[in-house]
Amino acid sequence: MSFDFSVIFDNFPKLLLGAWLTVKLVVFSGVGGLILAFPLGIGRSSAKLWVRAFPWTYIFFFRGTPLMVQMFLVYYGLSQFEVIRHNEILWPILRDPYWCALITMSMHTAAYIAEILRGAIQAIPRGEIEAAISVGMSPGLILRRILIPRAVRIGLPAYSNEVILMLKGSALASTITLLELTGMARTIIAKTYMPVEIFLAAGFCYLVISFLMVRAFRFAEHRLNRHIRDAR
Amino acid sequence: MDLHGFGPQLIAGTWMTLRLAFSAVSVGLALGLLGAVAKSSKHLALRLVGEGYTTIVRGVPELLVVLIVYFGSAKFLTGIAALFGSDEYFELDPFAAGTLALGLTFGAYATEVFRGALLTIPKGQTEAAQSLGLGRWHCFWRIVLPQLWRVALPGLGNLFMVLLKDTALISVVGLDELMRKAQIGVGFSKEPFTFYGCAALIYLALTVVTGGGLMALEHRANRGYRRARS
């Protein structure tokens, strides 16, 4: 039972290449998920049933099924339909594993972010909204100036957790043939047959990436809250 | 929906998924309790072990944990066998490897849940138990643990829902659970949407049922307490 470090050093550039794809997937799906989450989260906290119904079903489905099933449904599943295979715009996107992974991850994380947003919106003290109404702000202006800036600050710590979860979820992209960190590790192992060394090296890369991401979010939180930093 | 006669296979897969989830949760609960006790220990070494365990396992993708456990255990077992002069190849079967991998992940998160719950139990209670002459083990078993359960249950319930969905990952090492049965069906019928859609609906049903079960458990655990009114 020996541990071979040289195989890690020899293949490190390849692992870094995979890590770069992992970072791209996480960053883009984090942004895409956030954009999708805004209408979902706001619709979800609506008082009207017909507005609430779609976001509720969407969130229910994406939180209730494994990300792996969702990825397989998009990448393998959609090709079952001829309408999609013969569509000139959709097919080039949906046959590419990179786009499929990105779309699925964005849609998946959007369901969780929408719930975070809903919680954040509900956590804003009522008095602040009443104050905004009393100084004559329109609903649009209240959303832009009061609700969203406040919700972003309240929801940021939970959002950073979600991004870290997506970093770990991105490993699933390897099951739809994408060569991100885990996929690259599996390819290297197919050549070297050193699974333990290479997987542990990949795990180490994930730890470093998540450490850096946590740091970046802590910095953002610190900056966003600088106006209330000393108010205790 | 035409499943080409694969319906019973999917049911068998669902049964395997449930078995895996329950065996992993028992390993995970034990690891979580151990982790929480280690992390709140007086001894630096124990705290470091607990800290290292939770940091590493929570920072690495679940899929990678599964792969490391599966291939790592094979290397470990084969290495042990080599010490005794055997040159055969040994490995954990996918069910055991899956139980261990998912249990490790569940345990790392459960450590934090249990640690938080431990903090909610007033120190006065352990002091009272000690003054009655209960030993440390007795005090933990009779006083702390029964109350821990009630406080930790909501957090553990969430983790169980996550675990249930993570069982799909074990299909990667070839366990015949729901996801893999669906893959086999796709291989035969070439109808991926039908089979993965069906698997998704089954997972959805499982989460709804466990959600209800957890609510009933919480209700039962709180039966001695007055509801907080808002």
# chains A, B, ... in the order shown; residues from 1 in each chain; ligands from 1
call {"tool": "select_by_dssp", "arguments": {"residues": "segment 120-209 of chain B", "states": "alpha helix (DSSP H)", "output": "number ranges by chain"}}
result
B: 120, 123-131, 136-139, 145-166, 178-189, 192-209
call {"tool": "interface_residues", "arguments": {"of": "chain B", "to": "chain A", "cutoff": "7 Å", "atoms": "only C-alpha atoms", "output": "ChimeraX atom specification"}}
result
/B:59-64,68,71-72,76,79,165-166,168,191-193,196-197,200,203-204,207
call {"tool": "residues_around", "arguments": {"residues": "segment 32-41 of chain A", "least_positions_apart": "4", "cutoff": "9 Å", "atoms": "only C-alpha atoms", "output": "ChimeraX atom specification"}}
result
/A:27-28,45-46,52,54-56,58-59,102-103,105-119,121
call {"tool": "residues_around", "arguments": {"residues": "Arg220 of chain B", "least_positions_apart": "6", "cutoff": "12 Å", "atoms": "only C-alpha atoms", "output": "PyMOL selection string"}}
result
chain B and resi 149-150+153+213-214
call {"tool": "residues_around", "arguments": {"residues": "Glu130 of chain A", "least_positions_apart": "5", "cutoff": "12 Å", "atoms": "only C-alpha atoms", "output": "MDAnalysis selection string"}}
result
chainID A and resid 124:125 135:139 142 146:147
call {"tool": "closest_residue", "arguments": {"among": "B:Gly7, B:Gly50, B:Gly187, B:Gly174", "to": "Tyr109 of chain B", "atoms": "only C-alpha atoms"}}
result
B:Gly50
